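Data file: entry-v7.cif. Format and content: mmCIF, C-alpha atoms and all ligand atoms.
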```cif
data_coords
#
loop_
_atom_site.label_atom_id
_atom_site.label_comp_id
_atom_site.auth_asym_id
_atom_site.auth_seq_id
_atom_site.Cartn_x
_atom_site.Cartn_y
_atom_site.Cartn_z
CA MET A 1102 0.00 0.00 0.00
CA THR A 1103 1.43 3.40 -1.00
CA LYS A 1104 1.28 5.73 1.96
CA GLU A 1105 0.22 9.38 1.80
CA SER A 1106 3.05 11.82 2.47
CA VAL A 1107 2.41 14.75 4.77
CA ARG A 1108 3.28 18.37 3.99
CA LEU A 1109 1.77 20.46 6.74
CA GLY A 1110 2.56 23.80 8.38
CA THR A 1111 3.86 23.88 11.95
CA VAL A 1112 0.52 24.17 13.77
CA GLN A 1113 -1.26 22.04 11.17
CA GLU A 1114 1.11 19.13 11.95
CA THR A 1115 -0.32 18.96 15.48
CA LEU A 1116 -3.51 17.41 14.06
CA LEU A 1117 -1.55 14.16 13.85
CA ILE A 1118 -1.35 14.01 17.68
CA PRO A 1119 -5.11 13.63 18.38
CA LEU A 1120 -5.44 11.49 15.25
CA TYR A 1121 -2.88 9.06 16.68
CA GLY A 1122 -4.57 9.23 20.10
CA ARG A 1123 -7.87 8.21 18.53
CA ALA A 1124 -6.17 5.45 16.53
CA LEU A 1125 -4.61 4.01 19.71
CA ASP A 1126 -7.99 4.22 21.43
CA ALA A 1127 -9.64 2.35 18.54
CA ALA A 1128 -7.12 -0.46 19.02
CA ALA A 1129 -7.72 -0.65 22.80
CA ARG A 1130 -9.69 -3.45 24.45
CA ARG A 1131 -12.37 -1.01 25.68
CA PRO A 1132 -12.28 1.99 23.32
CA VAL A 1133 -13.79 5.30 24.41
CA LEU A 1134 -14.50 6.66 20.91
CA GLY A 1135 -13.95 3.55 18.78
CA ASP A 1136 -12.77 5.75 15.88
CA ASP A 1137 -11.79 3.01 13.43
CA ALA A 1138 -11.47 5.58 10.62
CA ALA A 1139 -8.65 7.27 12.60
CA ARG A 1140 -6.89 3.93 12.89
CA ALA A 1141 -7.21 3.39 9.12
CA MET A 1142 -5.86 6.91 8.40
CA VAL A 1143 -2.81 6.40 10.64
CA ALA A 1144 -2.07 3.17 8.75
CA ARG A 1145 -2.19 5.08 5.44
CA ILE A 1146 -0.12 8.17 6.42
CA ASP A 1147 3.64 8.13 6.00
CA TYR A 1148 4.68 9.65 9.35
CA ASP A 1149 6.59 8.62 12.46
CA PHE A 1150 3.56 8.52 14.79
CA ALA A 1151 5.49 6.47 17.36
CA LYS A 1152 7.38 9.63 18.39
CA PHE A 1153 4.16 10.80 20.06
CA ARG A 1154 3.99 9.53 23.63
CA GLY A 1155 2.54 10.37 26.98
CA PRO A 1156 -0.79 11.22 28.61
CA SER A 1157 -1.79 13.85 26.02
CA LEU A 1158 -2.68 11.05 23.57
CA GLY A 1159 -5.30 9.58 25.89
CA GLY A 1160 -6.25 13.11 26.95
CA SER A 1161 -7.15 14.05 23.39
CA VAL A 1162 -9.55 11.08 23.28
CA LEU A 1163 -11.30 12.14 26.51
CA ARG A 1164 -11.46 15.71 25.24
CA SER A 1165 -13.17 14.55 22.04
CA ALA A 1166 -15.61 12.49 24.09
CA ILE A 1167 -16.61 15.58 26.11
CA PHE A 1168 -17.14 17.65 22.93
CA ASP A 1169 -19.06 14.70 21.42
CA GLY A 1170 -21.36 14.77 24.47
CA TRP A 1171 -22.31 18.38 23.76
CA VAL A 1172 -22.77 17.79 20.04
CA ARG A 1173 -24.99 14.75 20.74
CA ARG A 1174 -27.12 16.82 23.09
CA PHE A 1175 -27.40 19.60 20.48
CA LEU A 1176 -28.46 17.11 17.78
CA THR A 1177 -31.04 15.54 20.09
CA ALA A 1178 -32.61 18.99 20.54
CA HIS A 1179 -32.02 20.04 16.89
CA PRO A 1180 -31.78 16.97 14.64
CA ASP A 1181 -31.67 19.21 11.54
CA GLY A 1182 -29.15 21.62 13.04
CA THR A 1183 -25.74 22.63 11.69
CA VAL A 1184 -22.51 21.61 13.38
CA VAL A 1185 -19.37 23.56 12.43
CA GLU A 1186 -16.00 22.19 13.45
CA LEU A 1187 -13.35 24.93 13.32
CA GLY A 1188 -9.84 23.55 12.78
CA ALA A 1189 -11.19 20.06 12.20
CA GLY A 1190 -7.88 18.46 11.20
CA LEU A 1191 -8.67 14.80 10.50
CA SER A 1192 -11.54 14.72 12.96
CA THR A 1193 -14.21 12.17 12.01
CA ARG A 1194 -16.89 13.68 14.27
CA SER A 1195 -19.07 14.62 11.26
CA ARG A 1196 -19.17 10.90 10.41
CA ARG A 1197 -19.11 9.48 13.94
CA LEU A 1198 -22.07 11.47 15.26
CA ASP A 1199 -24.10 11.94 12.09
CA ASN A 1200 -27.83 11.39 12.58
CA GLY A 1201 -28.74 11.27 8.89
CA ARG A 1202 -30.26 14.78 8.98
CA ALA A 1203 -27.80 17.35 10.33
CA ARG A 1204 -25.57 19.65 8.23
CA TRP A 1205 -21.84 19.50 8.97
CA PHE A 1206 -19.01 21.87 8.09
CA ASP A 1207 -15.38 20.90 8.69
CA LEU A 1208 -13.19 23.99 8.37
CA ASP A 1209 -9.40 24.04 8.30
CA LEU A 1210 -6.46 25.66 6.50
CA PRO A 1211 -5.82 24.68 2.85
CA ASP A 1212 -2.89 22.29 3.46
CA THR A 1213 -4.86 20.40 6.10
CA VAL A 1214 -7.93 20.31 3.87
CA GLU A 1215 -5.81 18.85 1.05
CA LEU A 1216 -4.76 15.98 3.33
CA ARG A 1217 -8.28 15.59 4.71
CA ALA A 1218 -9.73 15.28 1.19
CA LYS A 1219 -7.62 12.16 0.63
CA PHE A 1220 -9.56 10.32 3.35
CA LEU A 1221 -12.87 12.08 4.01
CA ALA A 1222 -15.02 12.96 1.00
CA ASP A 1223 -17.81 15.54 1.21
CA SER A 1224 -21.45 14.53 0.85
CA GLU A 1225 -24.75 16.33 0.40
CA ARG A 1226 -24.82 17.25 4.12
CA THR A 1227 -21.10 17.35 4.90
CA THR A 1228 -18.94 20.18 3.56
CA THR A 1229 -15.24 20.84 3.98
CA LEU A 1230 -14.21 24.49 3.99
CA ALA A 1231 -10.63 25.59 3.24
CA ALA A 1232 -10.49 28.76 5.31
CA SER A 1233 -9.08 30.28 8.48
CA VAL A 1234 -11.04 30.45 11.70
CA LEU A 1235 -9.51 33.92 12.06
CA ASP A 1236 -11.26 35.15 8.88
CA THR A 1237 -14.96 35.71 8.31
CA ASP A 1238 -15.21 34.99 4.56
CA TRP A 1239 -16.71 31.54 5.29
CA HIS A 1240 -19.47 32.81 7.59
CA GLU A 1241 -21.97 33.37 4.75
CA ARG A 1242 -21.51 29.84 3.42
CA VAL A 1243 -22.38 28.41 6.83
CA ALA A 1244 -25.24 30.89 7.33
CA GLU A 1245 -26.96 29.52 4.21
CA THR A 1246 -28.24 26.53 6.22
CA GLY A 1247 -30.29 28.79 8.50
CA GLY A 1248 -29.13 26.99 11.66
CA PRO A 1249 -29.50 26.47 14.54
CA TYR A 1250 -25.73 26.26 14.89
CA PHE A 1251 -23.26 24.48 17.12
CA PHE A 1252 -19.67 25.68 16.68
CA LEU A 1253 -16.79 23.77 18.18
CA SER A 1254 -13.07 24.26 18.09
CA GLU A 1255 -10.99 21.58 19.70
CA ALA A 1256 -7.27 22.19 20.42
CA VAL A 1257 -7.07 25.07 17.93
CA LEU A 1258 -7.59 28.48 19.59
CA LEU A 1259 -4.79 27.72 22.06
CA TYR A 1260 -2.28 28.31 19.24
CA PHE A 1261 -3.38 31.92 18.63
CA GLU A 1262 -2.64 35.26 20.26
CA PRO A 1263 -5.32 36.38 22.79
CA ALA A 1264 -6.45 39.27 20.55
CA GLN A 1265 -6.92 36.86 17.63
CA VAL A 1266 -9.06 34.52 19.72
CA ARG A 1267 -11.16 37.38 21.00
CA SER A 1268 -11.72 38.82 17.55
CA ALA A 1269 -12.65 35.41 16.03
CA VAL A 1270 -15.09 34.71 18.87
CA GLN A 1271 -16.67 38.17 18.66
CA ALA A 1272 -17.03 37.94 14.87
CA LEU A 1273 -18.92 34.65 15.35
CA GLY A 1274 -21.08 36.28 17.99
CA ALA A 1275 -21.93 39.16 15.67
CA ARG A 1276 -22.97 36.85 12.79
CA PHE A 1277 -24.48 33.92 14.73
CA PRO A 1278 -25.89 35.38 17.97
CA GLY A 1279 -27.58 32.85 20.25
CA SER A 1280 -25.57 29.93 18.82
CA ALA A 1281 -23.52 27.49 20.88
CA LEU A 1282 -19.73 27.69 20.81
CA SER A 1283 -17.46 25.20 22.55
CA PHE A 1284 -13.69 25.31 22.87
CA ASP A 1285 -10.93 24.29 25.24
CA THR A 1286 -8.83 26.60 27.41
CA CYS A 1287 -5.54 26.03 29.18
CA GLY A 1288 -4.25 27.83 32.28
CA HIS A 1289 -0.70 28.94 33.16
CA ALA A 1290 -0.05 25.87 35.30
CA LEU A 1291 0.00 23.62 32.24
CA MET A 1292 1.01 26.12 29.57
CA SER A 1293 4.33 26.80 31.28
CA ARG A 1294 5.10 23.05 31.24
CA GLN A 1295 4.57 22.50 27.50
CA ASP A 1296 8.24 21.89 26.77
CA ARG A 1297 8.18 18.96 29.19
CA ASN A 1298 5.18 17.36 27.46
CA PRO A 1299 6.45 14.47 25.28
CA VAL A 1300 4.04 15.20 22.42
CA PHE A 1301 5.22 18.83 22.22
CA ARG A 1302 8.85 17.73 22.30
CA ALA A 1303 8.09 15.91 19.04
CA VAL A 1304 6.75 18.98 17.15
CA ASP A 1305 7.74 22.63 16.71
CA ALA A 1306 4.34 24.21 17.41
CA ARG A 1307 3.67 25.74 20.82
CA MET A 1308 0.42 26.93 22.31
CA THR A 1309 0.32 30.63 23.16
CA TRP A 1310 -3.12 31.60 24.49
CA THR A 1311 -3.43 31.12 28.23
CA CYS A 1312 -6.76 31.33 30.03
CA ASP A 1313 -6.97 30.56 33.73
CA ASP A 1314 -10.69 31.19 34.10
CA PRO A 1315 -13.11 30.66 31.20
CA ARG A 1316 -15.72 32.71 33.08
CA ALA A 1317 -13.52 35.78 32.50
CA LEU A 1318 -14.25 35.35 28.77
CA GLU A 1319 -17.82 36.49 29.41
CA ASP A 1320 -16.35 39.99 28.99
CA TRP A 1321 -16.11 39.12 25.30
CA GLY A 1322 -19.89 38.86 25.01
CA ILE A 1323 -20.23 35.11 25.45
CA ARG A 1324 -22.09 33.31 28.24
CA LEU A 1325 -20.43 30.34 29.90
CA ASP A 1326 -23.00 27.52 30.17
CA GLU A 1327 -20.71 24.66 31.23
CA THR A 1328 -17.05 24.13 31.99
CA ARG A 1329 -15.58 20.65 32.42
CA THR A 1330 -12.27 18.97 33.09
CA PHE A 1331 -11.20 15.37 32.53
CA ALA A 1332 -12.28 14.77 36.14
CA THR A 1333 -15.78 16.21 35.58
CA PRO A 1334 -17.14 14.94 32.24
CA GLN A 1335 -20.89 14.92 31.59
CA PRO A 1336 -22.20 11.90 33.56
CA GLU A 1337 -23.43 10.16 30.39
CA VAL A 1338 -19.99 10.64 28.81
CA GLY A 1339 -17.98 9.54 31.86
CA ARG A 1340 -19.99 6.31 32.06
CA GLY A 1341 -18.32 5.17 28.83
CA TRP A 1342 -14.77 5.67 30.17
CA PRO A 1343 -12.54 2.94 31.60
CA TRP A 1344 -12.55 2.94 35.40
CA ARG A 1345 -8.94 4.19 35.61
CA HIS A 1346 -10.06 7.44 34.01
CA ARG A 1347 -13.47 7.58 35.60
CA TYR A 1348 -12.25 7.14 39.15
CA GLY A 1349 -8.51 7.95 38.79
CA LEU A 1350 -8.88 11.44 37.30
CA PRO A 1351 -11.04 12.85 40.13
CA VAL A 1352 -8.43 11.53 42.60
CA LEU A 1353 -5.62 13.12 40.59
CA ALA A 1354 -7.60 16.38 40.48
CA ARG A 1355 -7.66 16.38 44.30
CA LEU A 1356 -4.00 15.39 44.75
CA ALA A 1357 -2.53 17.62 42.03
CA PRO A 1358 -5.26 20.12 41.09
CA PRO A 1359 -3.38 22.13 38.42
CA THR A 1360 -2.57 19.00 36.39
CA VAL A 1361 -6.24 18.30 35.76
CA ASN A 1362 -8.07 21.54 36.48
CA ALA A 1363 -6.02 23.93 34.36
CA TYR A 1364 -7.23 22.31 31.14
CA ARG A 1365 -10.92 22.87 30.50
CA MET A 1366 -13.55 22.11 27.90
CA ASN A 1367 -16.14 24.91 27.79
CA LEU A 1368 -19.59 25.45 26.35
CA PHE A 1369 -20.71 29.02 25.69
CA THR A 1370 -23.65 30.80 24.13
CA LEU A 1371 -22.67 33.52 21.68
CA GLU A 1372 -24.10 36.90 22.45
CA THR A 1373 -23.60 40.00 20.34
CA ALA A 1374 -20.20 41.64 20.77
CA ARG A 1375 -20.10 44.36 23.41
C1 LIG B 1 -4.16 20.11 17.41
S1 LIG B 1 -4.92 20.16 15.84
C2 LIG B 1 -6.59 19.76 16.27
C3 LIG B 1 -7.32 19.11 15.13
C4 LIG B 1 -8.73 18.64 15.50
N1 LIG B 1 -9.52 19.69 16.09
C5 LIG B 1 -8.68 17.46 16.42
O1 LIG B 1 -8.94 17.62 17.62
O2 LIG B 1 -8.36 16.37 15.96
C6 LIG B 1 -4.98 21.91 15.43
C7 LIG B 1 -5.74 22.17 14.12
O3 LIG B 1 -5.91 23.59 13.97
C8 LIG B 1 -5.83 23.86 12.58
N2 LIG B 1 -5.59 25.30 12.40
C9 LIG B 1 -4.49 26.01 12.75
N3 LIG B 1 -4.66 27.30 12.45
C10 LIG B 1 -5.89 27.41 11.89
C11 LIG B 1 -6.64 28.49 11.37
N4 LIG B 1 -6.14 29.74 11.34
N5 LIG B 1 -7.86 28.24 10.88
C12 LIG B 1 -8.39 26.99 10.89
N6 LIG B 1 -7.71 25.91 11.38
C13 LIG B 1 -6.49 26.13 11.87
C14 LIG B 1 -4.69 22.97 12.13
O4 LIG B 1 -4.63 22.81 10.72
C15 LIG B 1 -5.03 21.67 12.86
O5 LIG B 1 -5.90 20.88 12.11
#
```
Translate this structure into structure tokens?
Amino acid sequence: MTKESVRLGTVQETLLIPLYGRALDAAARRPVLGDDAARAMVARIDYDFAKFRGPSLGGSVLRSAIFDGWVRRFLTAHPDGTVVELGAGLSTRSRRLDNGRARWFDLDLPDTVELRAKFLADSERTTTLAASVLDTDWHERVAETGGPYFFLSEAVLLYFEPAQVRSAVQALGARFPGSALSFDTCGHALMSRQDRNPVFRAVDARMTWTCDDPRALEDWGIRLDETRTFATPQPEVGRGWPWRHRYGLPVLARLAPPTVNAYRMNLFTLETAR
């Protein structure tokens, strides 16, 4: 089998970390996501995935499970709704959680989209957008569906400057007020230890945007509806996790709070920019 070569920018390359995490999970005895498509993609990509090690691989799987929980809930309430994944990488969420009715947009930069197109073809309800989350030129394309909308951005905004994150979030709020927006935040306690994280030692990209308290982002004109850590997943999501995560992570959160509590998955409602 001829493998696909990878030519990705510095931040774009980081998509291979959660992809590998999901592939390892799919091969586990009790998978959390069971993302067999991720496993198949890893087998077809010419890349030294084995250089990625450490807890961030499993962490990316738990993170996806928490975002999945919110998307599932949104689709239960709005089966014909539109889910927009910003910086989708090789995420298979639009396939994994599809209900046969929803509209899906997977947005990422052109080089990532070129790689994505080799594995994940668009359909009538699933559209890939080659664009930047920091631009607004794609907003109208998404707005054509009429909503309601669920936006999510997983392990993407952390790579931007604070002013860029704020402006992207406020532009979304101005165009799609009342919509849901979910993204992860990382506090100083973990950010300052990036260079010691084995997955970051294997790539050049570094995260830059630090946020210690997602509630402080309400100043941007967004309302925080839920904030979760790996120790506090939605109950229905946590039930699907192996016991070592389900019971071990809350213990770790008590013994070494910054390790678990500084990294958060958040669900907001977009309000109009102030
Ligand atoms: C760590 S990966 C996460 C990928 C995916 N969300 C996941 O969890 O598997 C970061 C992603 O952000 C994308 N990205 C970086 N800058 C971007 C931008 N300005 N606009 C859209 N996507 C961007 C990268 O191409 C990459 O796919």
Grab me every residue within 10 Å of ligand LIG 1 (chain B), counting all atoms listed in the file, and send it over as a ChimeraX atom specification. /A:1109-1123,1139,1161-1162,1164-1165,1168,1186-1194,1207-1214,1217,1230-1236,1253-1261,1265,1269,1284,1306,1308
Nearby residues (all atoms listed in the file) at most 6 Å from region 1327-1343 of chain A, same-chain spacing under 5 positions excluded, as an MDAnalysis selection string: chainID A and resid 1133 1350:1351 1362 1365:1368
Could you take the residues named above and write them with C-alpha atoms, as a compact mmCIF listing (two decimals), keeping the file's coordinate frame?
```txt
# COMPACT_ATOMS: atom_id res chain seq x y z
CA VAL A 1133 -13.79 5.30 24.41
CA LEU A 1350 -8.88 11.44 37.30
CA PRO A 1351 -11.04 12.85 40.13
CA ASN A 1362 -8.07 21.54 36.48
CA ARG A 1365 -10.92 22.87 30.50
CA MET A 1366 -13.55 22.11 27.90
CA ASN A 1367 -16.14 24.91 27.79
CA LEU A 1368 -19.59 25.45 26.35
```
One decimal, in Å: what's the spacing between CA of Thr1311 (chain A) and CA of Asp1126 (chain A)? 28.1 Å
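Distance-wise, CA of Thr1183 (chain A) and CA of Phe1277 (chain A) end up 11.8 Å apart.
Minimum distance to Ala1151 (chain A) across A:Met1102, A:Ile1167, A:Val1300, A:Leu1353 (counting only C-alpha atoms) occurs at A:Val1300.
Using all atoms listed in the file, the nearest neighbour of Glu1245 (chain A) within the list A:Ala1317, A:Tyr1348, A:Arg1204, A:Lys1219 is A:Arg1204.
We find CA of Ser1293 (chain A) and CA of Val1361 (chain A) to be spaced 14.3 Å apart.
Among the candidates A:Ala1222, A:Ala1178, A:Ala1203, A:Leu1158, the residue lying nearest to Thr1246 (chain A) is A:Ala1203 (atoms considered: all atoms listed in the file).
Residue nearest Val1172 (chain A), chosen from A:Ala1218, A:Ala1281, A:Leu1125, A:Ala1138 and counting only C-alpha atoms: A:Ala1281.
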When you look at Asp1223 (chain A) with a cut-off of 10 Å (counting only C-alpha atoms), what residues show up, excluding the ones that are within fewer than 4 positions of it in the same chain? I need them as a tab-separated table (two decimals) with C-alpha atoms, keeping the file's coordinate frame.
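So part12.tsv came out as:
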```tsv
chain	number	residue	atom	x	y	z
A	1205	TRP	CA	-21.84	19.50	8.97
A	1206	PHE	CA	-19.01	21.87	8.09
A	1207	ASP	CA	-15.38	20.90	8.69
A	1218	ALA	CA	-9.73	15.28	1.19
A	1227	THR	CA	-21.10	17.35	4.90
A	1228	THR	CA	-18.94	20.18	3.56
A	1229	THR	CA	-15.24	20.84	3.98
```
For Thr1370 (chain A), please output as a ChimeraX atom specification all residues within 9 Å (counting only C-alpha atoms; exclusion window: fewer than 2 positions along the same chain). /A:1274,1278-1283,1322-1326,1368,1372
Any chance you could export the current selection's C-alpha atoms as a short mmCIF file (atom, residue, chain, number, x, y, z; two decimals), in the coordinates of the input?
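Below is the file that was written, part_29.cif:
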```cif
data_model
loop_
_atom_site.label_atom_id
_atom_site.label_comp_id
_atom_site.auth_asym_id
_atom_site.auth_seq_id
_atom_site.Cartn_x
_atom_site.Cartn_y
_atom_site.Cartn_z
CA GLY A 1274 -21.08 36.28 17.99
CA PRO A 1278 -25.89 35.38 17.97
CA GLY A 1279 -27.58 32.85 20.25
CA SER A 1280 -25.57 29.93 18.82
CA ALA A 1281 -23.52 27.49 20.88
CA LEU A 1282 -19.73 27.69 20.81
CA SER A 1283 -17.46 25.20 22.55
CA GLY A 1322 -19.89 38.86 25.01
CA ILE A 1323 -20.23 35.11 25.45
CA ARG A 1324 -22.09 33.31 28.24
CA LEU A 1325 -20.43 30.34 29.90
CA ASP A 1326 -23.00 27.52 30.17
CA LEU A 1368 -19.59 25.45 26.35
CA GLU A 1372 -24.10 36.90 22.45
#
```
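Proximity ranking of A:Asp1149, A:Arg1130, A:Arg1140, A:Ala1272 relative to Val1107 (chain A) places A:Asp1149 first, based on all atoms listed in the file.
Each of A:Arg1242, A:Arg1267, A:Lys1104, A:His1346 was checked against Val1143 (chain A) using all atoms listed in the file; the smallest atom-to-atom distance is that of A:Lys1104.
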